[in-house]
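Working notes for the structure below.
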Amino acid sequence: FQIFSNASQRDSAIYYLERALELADDSANIDKPNLADIRDGAAFNLATLFNMDDKPDSAIYWYRRYREKNPTDPKAIAELASVLDEAGRQAEAIALYDSVLMRWDSMPTIDLFTTGVAMFRAHRLQRAAEAFEKGLARNPFYRDALYNLANTYLAMAEEADSTTPKVDLPKLHRTFGSKLTPITKRLGATEQWKTLSRHLLARSYLLRRRSAQ
């Protein structure tokens, strides 16, 4: 499977994963504990491959099958939610995203960051920001999370520009600018103020200045 997957021959990779599952689920093998990991791994990998092939129904089926044995796996929850979101099933997706955030205190920090990225890609910006904020409360100087949170705040500000009445924009600009400034300062401290962090800091000051106009 791995050889075909690395070669982008997804049809062949799917074929061999399905055959592996058939063998693992055979009545002669179903009680063998050493095959449990094969079942879980194959189900998750099948979901991922079908998602890459833009086959949401199959991806949803296999993510859900994987979650029957791994119901709290944050990566699987985030990936399933993303597929549901793209398939137009927003209510189901939001419920899954929220289920992750409700358990944030028992999640590894890196899983919070990974979930935040999935939420950002699905344009669930408020939830993405919350995931990054909760992770950074534990690991305040994780560079990638600082960068992702800064860009989430900027995306939220840009979204507000197109959806919020002009009379309310100054307050929102001030809010996002005030949130963005300390995050970009912390980012700058982690990378010796490279061009990127300087640019983000300038964006934060611009937002705050716009709120005063």
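We label chains A, B, ... in the order they appear in the structure tokens, count residues from 1 in each chain, and number ligands from 1 in the order shown.
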Please build the interface table for stretch 100-205 of chain A against stretch 79-96 of chain A with a cut-off of 7 Å, listing for each qualifying residue the nearest atom pair and the distance in Å to one decimal; count only C-alpha atoms, order rows by chain and increasing number, and write it as JSON lines.
```
{"residue": "A:Val100", "atom": "CA", "partner": "A:Leu96", "partner_atom": "CA", "distance": 6.6}
{"residue": "A:Ala118", "atom": "CA", "partner": "A:Ser82", "partner_atom": "CA", "distance": 6.9}
{"residue": "A:Ala122", "atom": "CA", "partner": "A:Ser82", "partner_atom": "CA", "distance": 5.9}
```
If we count only C-alpha atoms, what is near stretch 179-182 of chain A at a cut-off of 8 Å, once residues fewer than 2 positions away on the same chain are taken out, given as a count of residues only?
12
Contacts of A:Ala155 within 12 Å, only C-alpha atoms, excl. fewer than 5 positions in-chain, as a ChimeraX atom specification
/A:120-121,123-126,128-129,148-150,160-162,173,176-177,180,203
Would you return as an MDAnalysis selection string the members of stretch 13-171 of chain A that DSSP assigns to alpha helix (DSSP H) on this structure's backbone?
chainID A and resid 13:24 36:52 56:69 74:86 90:102 109:121 125:138 143:163 169:171
Skipping near chain neighbours, those fewer than 2 positions away, what residues fall within 12 Å of stretch 51-54 of chain A using only C-alpha atoms, listed as a PyMOL selection string?
chain A and resi 5+8-11+13-14+44-49+56-63+79-84+86-87
Can you spit out the residues from that selection as an mmCIF file, in the first residue's frame, using N, CA and C atoms?
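Written out: out-v3.cif:
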```cif
data_model
loop_
_atom_site.group_PDB
_atom_site.id
_atom_site.type_symbol
_atom_site.label_atom_id
_atom_site.label_comp_id
_atom_site.auth_asym_id
_atom_site.auth_seq_id
_atom_site.Cartn_x
_atom_site.Cartn_y
_atom_site.Cartn_z
ATOM 1 N N SER A 5 0.928 4.366 -2.624
ATOM 2 C CA SER A 5 0.505 5.672 -2.133
ATOM 3 C C SER A 5 1.580 6.722 -2.384
ATOM 4 N N SER A 8 1.632 7.993 -5.781
ATOM 5 C CA SER A 8 0.357 8.620 -6.187
ATOM 6 C C SER A 8 -0.512 7.686 -7.009
ATOM 7 N N GLN A 9 -0.326 6.383 -6.825
ATOM 8 C CA GLN A 9 -1.187 5.393 -7.485
ATOM 9 C C GLN A 9 -2.260 4.971 -6.478
ATOM 10 N N ARG A 10 -3.199 5.901 -6.251
ATOM 11 C CA ARG A 10 -4.144 5.713 -5.152
ATOM 12 C C ARG A 10 -5.097 4.540 -5.381
ATOM 13 N N ASP A 11 -5.479 4.285 -6.618
ATOM 14 C CA ASP A 11 -6.377 3.149 -6.881
ATOM 15 C C ASP A 11 -5.752 1.839 -6.420
ATOM 16 N N ALA A 13 -3.309 1.556 -4.183
ATOM 17 C CA ALA A 13 -3.178 1.620 -2.723
ATOM 18 C C ALA A 13 -4.498 1.251 -2.053
ATOM 19 N N ILE A 14 -5.605 1.768 -2.581
ATOM 20 C CA ILE A 14 -6.930 1.442 -2.032
ATOM 21 C C ILE A 14 -7.214 -0.047 -2.172
ATOM 22 N N PHE A 44 -8.282 4.147 8.512
ATOM 23 C CA PHE A 44 -7.917 5.571 8.469
ATOM 24 C C PHE A 44 -7.264 5.927 7.137
ATOM 25 N N ASN A 45 -6.374 5.068 6.662
ATOM 26 C CA ASN A 45 -5.690 5.349 5.402
ATOM 27 C C ASN A 45 -6.655 5.312 4.221
ATOM 28 N N LEU A 46 -7.619 4.413 4.262
ATOM 29 C CA LEU A 46 -8.631 4.386 3.203
ATOM 30 C C LEU A 46 -9.420 5.693 3.193
ATOM 31 N N ALA A 47 -9.812 6.152 4.380
ATOM 32 C CA ALA A 47 -10.542 7.422 4.467
ATOM 33 C C ALA A 47 -9.724 8.555 3.865
ATOM 34 N N THR A 48 -8.444 8.594 4.207
ATOM 35 C CA THR A 48 -7.573 9.658 3.703
ATOM 36 C C THR A 48 -7.444 9.595 2.184
ATOM 37 N N LEU A 49 -7.265 8.383 1.648
ATOM 38 C CA LEU A 49 -7.109 8.237 0.197
ATOM 39 C C LEU A 49 -8.388 8.621 -0.540
ATOM 40 N N PRO A 56 -16.211 11.995 -1.165
ATOM 41 C CA PRO A 56 -16.571 12.270 0.233
ATOM 42 C C PRO A 56 -17.386 11.172 0.892
ATOM 43 N N ASP A 57 -18.308 10.543 0.173
ATOM 44 C CA ASP A 57 -19.136 9.509 0.799
ATOM 45 C C ASP A 57 -18.282 8.352 1.310
ATOM 46 N N SER A 58 -17.320 7.927 0.489
ATOM 47 C CA SER A 58 -16.435 6.833 0.911
ATOM 48 C C SER A 58 -15.514 7.279 2.041
ATOM 49 N N ALA A 59 -15.015 8.518 1.952
ATOM 50 C CA ALA A 59 -14.144 9.025 3.013
ATOM 51 C C ALA A 59 -14.899 9.085 4.335
ATOM 52 N N ILE A 60 -16.122 9.597 4.306
ATOM 53 C CA ILE A 60 -16.939 9.685 5.525
ATOM 54 C C ILE A 60 -17.171 8.299 6.109
ATOM 55 N N TYR A 61 -17.482 7.318 5.252
ATOM 56 C CA TYR A 61 -17.724 5.953 5.734
ATOM 57 C C TYR A 61 -16.510 5.423 6.478
ATOM 58 N N TRP A 62 -15.317 5.583 5.899
ATOM 59 C CA TRP A 62 -14.141 4.978 6.509
ATOM 60 C C TRP A 62 -13.661 5.749 7.733
ATOM 61 N N TYR A 63 -13.816 7.074 7.733
ATOM 62 C CA TYR A 63 -13.487 7.815 8.957
ATOM 63 C C TYR A 63 -14.401 7.365 10.097
ATOM 64 N N GLU A 79 -10.509 15.566 10.505
ATOM 65 C CA GLU A 79 -10.565 15.215 9.090
ATOM 66 C C GLU A 79 -11.991 14.893 8.664
ATOM 67 N N LEU A 80 -12.711 14.156 9.497
ATOM 68 C CA LEU A 80 -14.103 13.844 9.181
ATOM 69 C C LEU A 80 -14.936 15.117 9.119
ATOM 70 N N ALA A 81 -14.727 16.002 10.075
ATOM 71 C CA ALA A 81 -15.476 17.263 10.080
ATOM 72 C C ALA A 81 -15.195 18.066 8.822
ATOM 73 N N SER A 82 -13.944 18.068 8.378
ATOM 74 C CA SER A 82 -13.579 18.804 7.178
ATOM 75 C C SER A 82 -14.288 18.245 5.946
ATOM 76 N N VAL A 83 -14.340 16.922 5.842
ATOM 77 C CA VAL A 83 -15.023 16.297 4.702
ATOM 78 C C VAL A 83 -16.516 16.619 4.738
ATOM 79 N N LEU A 84 -17.116 16.516 5.924
ATOM 80 C CA LEU A 84 -18.534 16.851 6.060
ATOM 81 C C LEU A 84 -18.797 18.303 5.677
ATOM 82 N N GLU A 86 -17.074 20.217 3.612
ATOM 83 C CA GLU A 86 -16.961 20.390 2.172
ATOM 84 C C GLU A 86 -18.141 19.753 1.436
ATOM 85 N N ALA A 87 -18.755 18.751 2.054
ATOM 86 C CA ALA A 87 -19.903 18.081 1.437
ATOM 87 C C ALA A 87 -21.210 18.824 1.710
#
```
Given only C-alpha atoms as the counted atoms, nearest of A:Ile77, A:Ala145, A:Asp98, A:Trp193 to A:Ile110
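Closest residue, counting only C-alpha atoms: A:Ala145.
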Go through A:Leu146, A:Val117, A:Ala137, A:Ala78 one by one, measure the shortest atom-to-atom distance of each to A:Ala189 using only C-alpha atoms, and give the residue with the smallest value.
A:Leu146
May I ask which of the residues A:Arg143, A:Arg138, A:Lys55, A:Arg174 is the closest one to A:Ala157, counting only C-alpha atoms?
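Smallest separation from A:Ala157 among the options: A:Arg174.
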